[in-house]
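Structure data follow from protein-v2.pdb (PDB, C-alpha atoms):
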ATOM      1  CA  MET A   1     -12.478 -41.641 -23.274  1.00  0.00           C
ATOM      2  CA  ARG A   2     -14.967 -41.706 -20.416  1.00  0.00           C
ATOM      3  CA  PRO A   3     -15.737 -38.435 -18.593  1.00  0.00           C
ATOM      4  CA  GLU A   4     -14.045 -39.768 -15.443  1.00  0.00           C
ATOM      5  CA  GLU A   5     -10.854 -40.461 -17.394  1.00  0.00           C
ATOM      6  CA  PHE A   6     -10.997 -37.072 -19.092  1.00  0.00           C
ATOM      7  CA  SER A   7     -11.420 -35.294 -15.743  1.00  0.00           C
ATOM      8  CA  LYS A   8      -8.430 -37.153 -14.343  1.00  0.00           C
ATOM      9  CA  GLU A   9      -6.350 -36.235 -17.411  1.00  0.00           C
ATOM     10  CA  MET A  10      -7.365 -32.561 -17.046  1.00  0.00           C
ATOM     11  CA  TRP A  11      -6.228 -32.643 -13.423  1.00  0.00           C
ATOM     12  CA  ASN A  12      -2.951 -34.319 -14.417  1.00  0.00           C
ATOM     13  CA  CYS A  13      -2.327 -31.677 -17.101  1.00  0.00           C
ATOM     14  CA  TRP A  14      -3.003 -28.840 -14.658  1.00  0.00           C
ATOM     15  CA  ARG A  15      -0.708 -30.430 -12.066  1.00  0.00           C
ATOM     16  CA  ASP A  16       2.049 -31.012 -14.636  1.00  0.00           C
ATOM     17  CA  LEU A  17       1.834 -27.421 -15.836  1.00  0.00           C
ATOM     18  CA  SER A  18       1.904 -26.112 -12.276  1.00  0.00           C
ATOM     19  CA  PHE A  19       4.959 -28.291 -11.608  1.00  0.00           C
ATOM     20  CA  ALA A  20       6.656 -26.951 -14.760  1.00  0.00           C
ATOM     21  CA  TYR A  21       6.219 -23.346 -13.602  1.00  0.00           C
ATOM     22  CA  SER A  22       7.445 -24.211 -10.109  1.00  0.00           C
ATOM     23  CA  SER A  23      10.456 -25.992 -11.594  1.00  0.00           C
ATOM     24  CA  LEU A  24      11.258 -22.971 -13.742  1.00  0.00           C
ATOM     25  CA  ALA A  25      11.068 -20.702 -10.694  1.00  0.00           C
ATOM     26  CA  ARG A  26      13.420 -22.974  -8.728  1.00  0.00           C
ATOM     27  CA  LYS A  27      15.833 -23.184 -11.661  1.00  0.00           C
ATOM     28  CA  MET A  28      15.826 -19.377 -11.941  1.00  0.00           C
ATOM     29  CA  GLY A  29      16.359 -19.046  -8.180  1.00  0.00           C
ATOM     30  CA  VAL A  30      13.070 -17.275  -7.489  1.00  0.00           C
ATOM     31  CA  ASP A  31       9.951 -17.977  -5.488  1.00  0.00           C
ATOM     32  CA  ALA A  32       7.122 -19.266  -7.708  1.00  0.00           C
ATOM     33  CA  SER A  33       4.460 -17.162  -5.975  1.00  0.00           C
ATOM     34  CA  GLU A  34       6.585 -14.044  -6.387  1.00  0.00           C
ATOM     35  CA  LEU A  35       7.095 -14.959 -10.046  1.00  0.00           C
ATOM     36  CA  TYR A  36       3.319 -15.071 -10.563  1.00  0.00           C
ATOM     37  CA  VAL A  37       2.811 -11.685  -8.887  1.00  0.00           C
ATOM     38  CA  VAL A  38       5.653 -10.035 -10.800  1.00  0.00           C
ATOM     39  CA  ASP A  39       4.306 -11.509 -14.049  1.00  0.00           C
ATOM     40  CA  ALA A  40       0.884 -10.020 -13.291  1.00  0.00           C
ATOM     41  CA  LEU A  41       2.524  -6.612 -12.785  1.00  0.00           C
ATOM     42  CA  TRP A  42       5.005  -6.873 -15.677  1.00  0.00           C
ATOM     43  CA  ASP A  43       2.904  -5.243 -18.411  1.00  0.00           C
ATOM     44  CA  GLU A  44       1.014  -2.923 -16.060  1.00  0.00           C
ATOM     45  CA  GLY A  45       3.041   0.277 -15.926  1.00  0.00           C
ATOM     46  CA  GLU A  46       0.483   2.028 -13.725  1.00  0.00           C
ATOM     47  CA  GLY A  47       0.305  -0.986 -11.416  1.00  0.00           C
ATOM     48  CA  LEU A  48      -2.523  -3.140 -10.144  1.00  0.00           C
ATOM     49  CA  SER A  49      -4.575  -3.246  -6.995  1.00  0.00           C
ATOM     50  CA  GLN A  50      -3.805  -6.081  -4.634  1.00  0.00           C
ATOM     51  CA  ARG A  51      -7.367  -7.308  -5.247  1.00  0.00           C
ATOM     52  CA  THR A  52      -6.665  -7.575  -8.984  1.00  0.00           C
ATOM     53  CA  ILE A  53      -3.390  -9.373  -8.291  1.00  0.00           C
ATOM     54  CA  CYS A  54      -5.312 -11.842  -6.112  1.00  0.00           C
ATOM     55  CA  GLU A  55      -7.748 -12.508  -8.963  1.00  0.00           C
ATOM     56  CA  ARG A  56      -5.087 -12.826 -11.672  1.00  0.00           C
ATOM     57  CA  CYS A  57      -2.847 -15.100  -9.603  1.00  0.00           C
ATOM     58  CA  ASP A  58      -5.623 -17.036  -7.828  1.00  0.00           C
ATOM     59  CA  MET A  59      -4.097 -16.241  -4.453  1.00  0.00           C
ATOM     60  CA  GLY A  60      -5.597 -15.120  -1.196  1.00  0.00           C
ATOM     61  CA  LYS A  61      -5.430 -11.555   0.073  1.00  0.00           C
ATOM     62  CA  GLN A  62      -3.005 -12.388   2.896  1.00  0.00           C
ATOM     63  CA  THR A  63      -0.695 -14.279   0.539  1.00  0.00           C
ATOM     64  CA  VAL A  64      -0.570 -11.434  -1.969  1.00  0.00           C
ATOM     65  CA  SER A  65      -0.080  -8.901   0.812  1.00  0.00           C
ATOM     66  CA  ALA A  66       2.867 -10.891   2.210  1.00  0.00           C
ATOM     67  CA  ILE A  67       4.421 -11.272  -1.254  1.00  0.00           C
ATOM     68  CA  CYS A  68       4.033  -7.543  -1.951  1.00  0.00           C
ATOM     69  CA  LYS A  69       5.655  -6.726   1.402  1.00  0.00           C
ATOM     70  CA  ARG A  70       8.614  -9.007   0.580  1.00  0.00           C
ATOM     71  CA  LEU A  71       8.971  -7.479  -2.871  1.00  0.00           C
ATOM     72  CA  GLY A  72       8.626  -3.989  -1.402  1.00  0.00           C
ATOM     73  CA  ALA A  73      11.311  -4.662   1.224  1.00  0.00           C
ATOM     74  CA  ARG A  74      13.682  -5.429  -1.655  1.00  0.00           C
ATOM     75  CA  ASP A  75      12.591  -2.263  -3.517  1.00  0.00           C
ATOM     76  CA  PHE A  76      11.084  -4.324  -6.341  1.00  0.00           C
ATOM     77  CA  VAL A  77       7.591  -2.824  -5.990  1.00  0.00           C
ATOM     78  CA  THR A  78       6.087   0.408  -4.753  1.00  0.00           C
ATOM     79  CA  ALA A  79       2.670   0.922  -3.254  1.00  0.00           C
ATOM     80  CA  HIS A  80       0.423   3.940  -3.393  1.00  0.00           C
ATOM     81  CA  PRO A  81      -3.243   4.470  -2.540  1.00  0.00           C
ATOM     82  CA  SER A  82      -5.778   4.093  -5.311  1.00  0.00           C
ATOM     83  CA  GLU A  83      -7.312   7.346  -6.479  1.00  0.00           C
ATOM     84  CA  ALA A  84     -10.719   5.655  -6.609  1.00  0.00           C
ATOM     85  CA  ASP A  85     -10.523   4.117  -3.131  1.00  0.00           C
ATOM     86  CA  LYS A  86      -7.821   5.349  -0.743  1.00  0.00           C
ATOM     87  CA  ARG A  87      -8.091   2.109   1.277  1.00  0.00           C
ATOM     88  CA  GLU A  88      -6.917   0.108  -1.721  1.00  0.00           C
ATOM     89  CA  ARG A  89      -3.198  -0.066  -2.517  1.00  0.00           C
ATOM     90  CA  ILE A  90      -1.856  -0.042  -6.065  1.00  0.00           C
ATOM     91  CA  MET A  91       1.312  -2.060  -6.542  1.00  0.00           C
ATOM     92  CA  ALA A  92       3.769  -1.281  -9.350  1.00  0.00           C
ATOM     93  CA  LEU A  93       7.179  -2.612 -10.307  1.00  0.00           C
ATOM     94  CA  THR A  94      10.145  -0.340  -9.735  1.00  0.00           C
ATOM     95  CA  ASP A  95      13.013   0.003 -12.198  1.00  0.00           C
ATOM     96  CA  GLU A  96      15.085  -2.139  -9.816  1.00  0.00           C
ATOM     97  CA  GLY A  97      12.333  -4.750  -9.787  1.00  0.00           C
ATOM     98  CA  ARG A  98      12.158  -4.803 -13.565  1.00  0.00           C
ATOM     99  CA  GLU A  99      15.889  -5.191 -13.859  1.00  0.00           C
ATOM    100  CA  TRP A 100      16.130  -7.976 -11.256  1.00  0.00           C
ATOM    101  CA  TRP A 101      13.097  -9.890 -12.541  1.00  0.00           C
ATOM    102  CA  SER A 102      13.714  -9.411 -16.272  1.00  0.00           C
ATOM    103  CA  GLN A 103      15.593 -12.685 -16.721  1.00  0.00           C
ATOM    104  CA  PRO A 104      13.026 -14.949 -14.980  1.00  0.00           C
ATOM    105  CA  ILE A 105      10.044 -13.238 -16.649  1.00  0.00           C
ATOM    106  CA  GLU A 106      11.602 -13.187 -20.103  1.00  0.00           C
ATOM    107  CA  ARG A 107      12.669 -16.837 -19.784  1.00  0.00           C
ATOM    108  CA  MET A 108       9.177 -17.869 -18.660  1.00  0.00           C
ATOM    109  CA  ARG A 109       7.555 -16.038 -21.547  1.00  0.00           C
ATOM    110  CA  GLU A 110      10.073 -17.456 -24.014  1.00  0.00           C
ATOM    111  CA  LEU A 111       9.239 -20.986 -22.861  1.00  0.00           C
ATOM    112  CA  GLU A 112       5.508 -20.260 -23.064  1.00  0.00           C
ATOM    113  CA  VAL A 113       5.915 -19.143 -26.687  1.00  0.00           C
ATOM    114  CA  ARG A 114       8.018 -22.201 -27.534  1.00  0.00           C
ATOM    115  CA  ALA A 115       5.389 -24.461 -26.012  1.00  0.00           C
ATOM    116  CA  ALA A 116       2.642 -22.700 -27.971  1.00  0.00           C
ATOM    117  CA  GLU A 117       4.668 -23.003 -31.177  1.00  0.00           C
ATOM    118  CA  SER A 118       4.716 -26.775 -30.731  1.00  0.00           C
ATOM    119  CA  ILE A 119       0.940 -26.825 -31.227  1.00  0.00           C
ATOM    120  CA  THR A 120      -0.813 -26.164 -34.533  1.00  0.00           C
ATOM    121  CA  ALA A 121      -3.224 -23.240 -34.848  1.00  0.00           C
ATOM    122  CA  GLU A 122      -6.103 -25.699 -35.191  1.00  0.00           C
ATOM    123  CA  GLU A 123      -5.049 -27.587 -32.050  1.00  0.00           C
ATOM    124  CA  ILE A 124      -4.760 -24.311 -30.145  1.00  0.00           C
ATOM    125  CA  GLY A 125      -8.310 -23.371 -31.128  1.00  0.00           C
ATOM    126  CA  VAL A 126      -9.684 -26.732 -30.026  1.00  0.00           C
ATOM    127  CA  PHE A 127      -7.639 -26.701 -26.822  1.00  0.00           C
ATOM    128  CA  ILE A 128      -8.842 -23.245 -25.791  1.00  0.00           C
ATOM    129  CA  LYS A 129     -12.456 -24.080 -26.613  1.00  0.00           C
ATOM    130  CA  VAL A 130     -12.361 -27.342 -24.649  1.00  0.00           C
ATOM    131  CA  VAL A 131     -10.614 -25.875 -21.590  1.00  0.00           C
ATOM    132  CA  GLU A 132     -12.965 -22.875 -21.517  1.00  0.00           C
ATOM    133  CA  GLN A 133     -16.019 -25.171 -21.725  1.00  0.00           C
ATOM    134  CA  TYR A 134     -14.642 -27.476 -19.034  1.00  0.00           C
ATOM    135  CA  ALA A 135     -13.844 -24.551 -16.706  1.00  0.00           C
ATOM    136  CA  LYS A 136     -17.212 -22.871 -17.333  1.00  0.00           C
ATOM    137  CA  THR A 137     -19.175 -26.048 -16.641  1.00  0.00           C
ATOM    138  CA  PHE A 138     -17.081 -26.871 -13.583  1.00  0.00           C
ATOM    139  CA  GLN A 139     -17.608 -23.367 -12.168  1.00  0.00           C
ATOM    140  CA  GLU A 140     -21.355 -23.528 -12.858  1.00  0.00           C
ATOM    141  CA  GLU A 141     -21.536 -26.806 -10.940  1.00  0.00           C
ATOM    142  CA  VAL A 142     -19.557 -25.296  -8.050  1.00  0.00           C
ATOM    143  CA  GLN A 143     -22.093 -22.454  -7.854  1.00  0.00           C
ATOM    144  CA  ARG A 144     -25.090 -24.819  -7.568  1.00  0.00           C
TER     145      ARG A 144
END
As structure tokens, how would this structure be written, given the file I've shared?
Amino acid sequence: MRPEEFSKEMWNCWRDLSFAYSSLARKMGVDASELYVVDALWDEGEGLSQRTICERCDMGKQTVSAICKRLGARDFVTAHPSEADKRERIMALTDEGREWWSQPIERMRELEVRAAESITAEEIGVFIKVVEQYAKTFQEEVQR
């Protein structure tokens, strides 16, 4: 396969995966962007800064802020100032948020595990290595 074909296939795979997550969100009756933010917070009992959420979800500051406000208005997240920097807000899921979001998050994670189980351990190793190399090289070229 030529590099141009491989690059196009990588883009197609990324797009298909993004579509799959969006389809899951729609099927579960939730907003995909909110799903990503809640997933980032799910295993973080102490919460995360909005900056960290932006990095983990690859979303802009204004987008994450708007999502956190929507989730906060529904009592799904709380916000408190960071001890290290009082200007920074730490977002954490509430018990109500955990309860409401448990079905979409658990379903998403179940499907992720099923998808991973369909790939052999050897294929997973090769896949991760190839995607990491592709992403690293792409990012290096962006920085030039």
Q: Return as number ranges by chain the set of residues that the PyMOL selection byres ((chain A and resi 38) around 9) yields on the displayed structure.
A: A: 33-37, 39-42, 71, 77, 93, 97-98, 101, 105
Q) What does the distance between CA of Ala84 (chain A) and CA of Val64 (chain A) come to in Å, to one decimal place? A)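 These two atoms are separated by 20.4 Å.
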Q: In Å, rounded to a single decimal, give me how far CA of Arg74 (chain A) is from CA of Val113 (chain A).
A: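 Going from CA of Val113 (chain A) over to CA of Arg74 (chain A), I get 29.6 Å.
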Q.
Quick check, in Å to one decimal: how far apart do CA of Glu96 (chain A) and CA of Met108 (chain A) lie?
A. 19.0 Å
Q | Neighbour list for Arg89 (chain A) as a ChimeraX atom specification, cut-off 7 Å, all atoms listed in the file, skip fewer than 2 positions in-chain | A | /A:49-50,79-82,87,91
Q. Hey, which of A:Val126, A:Ala66, A:Tyr21, A:Ala92 ends up closest to Leu48 (chain A)? Count all atoms listed in the file.
A.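 Checking each of A:Val126, A:Ala66, A:Tyr21, A:Ala92 against Leu48 (chain A), counting all atoms listed in the file, the winner is A:Ala92.
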Q.
Would you pick out the contacts of Pro104 (chain A) at 10 Å or less, using all atoms listed in the file, so that residues sharing its chain but fewer than 2 positions from it are not included, and give the list as a ChimeraX atom specification?
A. /A:24-25,27-30,35,38-39,100-102,106-110
Q: Return the single residue from A:Glu99, A:Glu55, A:Glu88, A:Asp16 that is closest to Phe76 (chain A), with distances computed using all atoms listed in the file.
A: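 Of A:Glu99, A:Glu55, A:Glu88, A:Asp16, the one nearest Phe76 (chain A), counting all atoms listed in the file, is A:Glu99.
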Q | Contacts of region 127-142 of chain A within 10 Å, all atoms listed in the file, excl. fewer than 5 positions in-chain, as a list of chain:residue names | A |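 Within the cut-off, the hits are A:Ser7, A:Met10, A:Ile119, A:Ala121, A:Glu122.
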Q | Counting all atoms listed in the file, the option among A:Ile90, A:Gln103, A:Ile124, A:Ser22 closest to Ile53 (chain A) | A |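 When distances to Ile53 (chain A) are compared using all atoms listed in the file, the smallest one comes from A:Ile90.
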Could all heavy atoms be built for region 25-36 of chain A and written out as a PDB file, in the frame of the given file?
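Saved file selection_27.pdb follows:
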ATOM      1  N   ALA A  25      10.761 -21.669 -11.759  1.00  0.00           N
ATOM      2  CA  ALA A  25      11.068 -20.702 -10.694  1.00  0.00           C
ATOM      3  C   ALA A  25      12.277 -21.167  -9.886  1.00  0.00           C
ATOM      4  O   ALA A  25      13.199 -20.387  -9.640  1.00  0.00           O
ATOM      5  CB  ALA A  25       9.850 -20.501  -9.787  1.00  0.00           C
ATOM      6  N   ARG A  26      12.280 -22.436  -9.483  1.00  0.00           N
ATOM      7  CA  ARG A  26      13.420 -22.974  -8.728  1.00  0.00           C
ATOM      8  C   ARG A  26      14.711 -22.853  -9.526  1.00  0.00           C
ATOM      9  O   ARG A  26      15.746 -22.438  -9.009  1.00  0.00           O
ATOM     10  CB  ARG A  26      13.185 -24.438  -8.352  1.00  0.00           C
ATOM     11  CG  ARG A  26      12.530 -24.643  -7.024  1.00  0.00           C
ATOM     12  CD  ARG A  26      12.571 -26.093  -6.565  1.00  0.00           C
ATOM     13  NE  ARG A  26      12.128 -27.059  -7.555  1.00  0.00           N
ATOM     14  CZ  ARG A  26      10.864 -27.343  -7.827  1.00  0.00           C
ATOM     15  NH1 ARG A  26       9.904 -26.736  -7.176  1.00  0.00           N
ATOM     16  NH2 ARG A  26      10.551 -28.246  -8.735  1.00  0.00           N
ATOM     17  N   LYS A  27      14.651 -23.227 -10.804  1.00  0.00           N
ATOM     18  CA  LYS A  27      15.833 -23.184 -11.661  1.00  0.00           C
ATOM     19  C   LYS A  27      16.346 -21.753 -11.804  1.00  0.00           C
ATOM     20  O   LYS A  27      17.552 -21.530 -11.890  1.00  0.00           O
ATOM     21  CB  LYS A  27      15.498 -23.761 -13.036  1.00  0.00           C
ATOM     22  CG  LYS A  27      16.691 -23.935 -13.926  1.00  0.00           C
ATOM     23  CD  LYS A  27      16.325 -24.682 -15.194  1.00  0.00           C
ATOM     24  CE  LYS A  27      17.569 -24.945 -16.011  1.00  0.00           C
ATOM     25  NZ  LYS A  27      17.268 -25.718 -17.202  1.00  0.00           N
ATOM     26  N   MET A  28      15.444 -20.784 -11.807  1.00  0.00           N
ATOM     27  CA  MET A  28      15.826 -19.377 -11.941  1.00  0.00           C
ATOM     28  C   MET A  28      16.193 -18.763 -10.584  1.00  0.00           C
ATOM     29  O   MET A  28      16.601 -17.607 -10.513  1.00  0.00           O
ATOM     30  CB  MET A  28      14.695 -18.572 -12.585  1.00  0.00           C
ATOM     31  CG  MET A  28      14.305 -19.016 -13.987  1.00  0.00           C
ATOM     32  SD  MET A  28      15.611 -18.877 -15.219  1.00  0.00           S
ATOM     33  CE  MET A  28      15.910 -17.146 -15.260  1.00  0.00           C
ATOM     34  N   GLY A  29      16.012 -19.529  -9.512  1.00  0.00           N
ATOM     35  CA  GLY A  29      16.359 -19.046  -8.180  1.00  0.00           C
ATOM     36  C   GLY A  29      15.369 -18.049  -7.606  1.00  0.00           C
ATOM     37  O   GLY A  29      15.750 -17.172  -6.827  1.00  0.00           O
ATOM     38  N   VAL A  30      14.098 -18.186  -7.995  1.00  0.00           N
ATOM     39  CA  VAL A  30      13.070 -17.275  -7.489  1.00  0.00           C
ATOM     40  C   VAL A  30      11.927 -18.069  -6.878  1.00  0.00           C
ATOM     41  O   VAL A  30      11.776 -19.264  -7.124  1.00  0.00           O
ATOM     42  CB  VAL A  30      12.538 -16.340  -8.607  1.00  0.00           C
ATOM     43  CG1 VAL A  30      13.652 -15.477  -9.179  1.00  0.00           C
ATOM     44  CG2 VAL A  30      11.838 -17.112  -9.716  1.00  0.00           C
ATOM     45  N   ASP A  31      11.139 -17.381  -6.098  1.00  0.00           N
ATOM     46  CA  ASP A  31       9.951 -17.977  -5.488  1.00  0.00           C
ATOM     47  C   ASP A  31       8.827 -17.995  -6.527  1.00  0.00           C
ATOM     48  O   ASP A  31       8.570 -16.979  -7.185  1.00  0.00           O
ATOM     49  CB  ASP A  31       9.550 -17.126  -4.270  1.00  0.00           C
ATOM     50  CG  ASP A  31       8.290 -17.633  -3.626  1.00  0.00           C
ATOM     51  OD1 ASP A  31       8.379 -18.575  -2.828  1.00  0.00           O
ATOM     52  OD2 ASP A  31       7.206 -17.079  -3.933  1.00  0.00           O
ATOM     53  N   ALA A  32       8.166 -19.134  -6.688  1.00  0.00           N
ATOM     54  CA  ALA A  32       7.122 -19.266  -7.708  1.00  0.00           C
ATOM     55  C   ALA A  32       5.982 -18.281  -7.487  1.00  0.00           C
ATOM     56  O   ALA A  32       5.485 -17.670  -8.439  1.00  0.00           O
ATOM     57  CB  ALA A  32       6.596 -20.698  -7.743  1.00  0.00           C
ATOM     58  N   SER A  33       5.563 -18.096  -6.253  1.00  0.00           N
ATOM     59  CA  SER A  33       4.460 -17.162  -5.975  1.00  0.00           C
ATOM     60  C   SER A  33       4.863 -15.733  -6.314  1.00  0.00           C
ATOM     61  O   SER A  33       4.068 -14.964  -6.857  1.00  0.00           O
ATOM     62  CB  SER A  33       4.033 -17.259  -4.513  1.00  0.00           C
ATOM     63  OG  SER A  33       3.518 -18.540  -4.239  1.00  0.00           O
ATOM     64  N   GLU A  34       6.098 -15.371  -6.017  1.00  0.00           N
ATOM     65  CA  GLU A  34       6.585 -14.044  -6.387  1.00  0.00           C
ATOM     66  C   GLU A  34       6.639 -13.913  -7.905  1.00  0.00           C
ATOM     67  O   GLU A  34       6.297 -12.859  -8.456  1.00  0.00           O
ATOM     68  CB  GLU A  34       7.966 -13.778  -5.782  1.00  0.00           C
ATOM     69  CG  GLU A  34       7.950 -13.566  -4.291  1.00  0.00           C
ATOM     70  CD  GLU A  34       9.328 -13.309  -3.700  1.00  0.00           C
ATOM     71  OE1 GLU A  34      10.336 -13.289  -4.445  1.00  0.00           O
ATOM     72  OE2 GLU A  34       9.403 -13.130  -2.474  1.00  0.00           O
ATOM     73  N   LEU A  35       7.051 -14.974  -8.585  1.00  0.00           N
ATOM     74  CA  LEU A  35       7.095 -14.959 -10.046  1.00  0.00           C
ATOM     75  C   LEU A  35       5.713 -14.662 -10.617  1.00  0.00           C
ATOM     76  O   LEU A  35       5.573 -13.850 -11.536  1.00  0.00           O
ATOM     77  CB  LEU A  35       7.618 -16.294 -10.570  1.00  0.00           C
ATOM     78  CG  LEU A  35       7.665 -16.467 -12.088  1.00  0.00           C
ATOM     79  CD1 LEU A  35       8.686 -15.518 -12.721  1.00  0.00           C
ATOM     80  CD2 LEU A  35       7.999 -17.916 -12.437  1.00  0.00           C
ATOM     81  N   TYR A  36       4.682 -15.295 -10.074  1.00  0.00           N
ATOM     82  CA  TYR A  36       3.319 -15.071 -10.563  1.00  0.00           C
ATOM     83  C   TYR A  36       2.885 -13.622 -10.347  1.00  0.00           C
ATOM     84  O   TYR A  36       2.275 -13.015 -11.221  1.00  0.00           O
ATOM     85  CB  TYR A  36       2.331 -16.010  -9.876  1.00  0.00           C
ATOM     86  CG  TYR A  36       2.603 -17.486 -10.096  1.00  0.00           C
ATOM     87  CD1 TYR A  36       2.276 -18.411  -9.118  1.00  0.00           C
ATOM     88  CD2 TYR A  36       3.195 -17.958 -11.261  1.00  0.00           C
ATOM     89  CE1 TYR A  36       2.516 -19.760  -9.296  1.00  0.00           C
ATOM     90  CE2 TYR A  36       3.436 -19.312 -11.450  1.00  0.00           C
ATOM     91  CZ  TYR A  36       3.092 -20.201 -10.470  1.00  0.00           C
ATOM     92  OH  TYR A  36       3.337 -21.533 -10.661  1.00  0.00           O
TER      93      TYR A  36
END
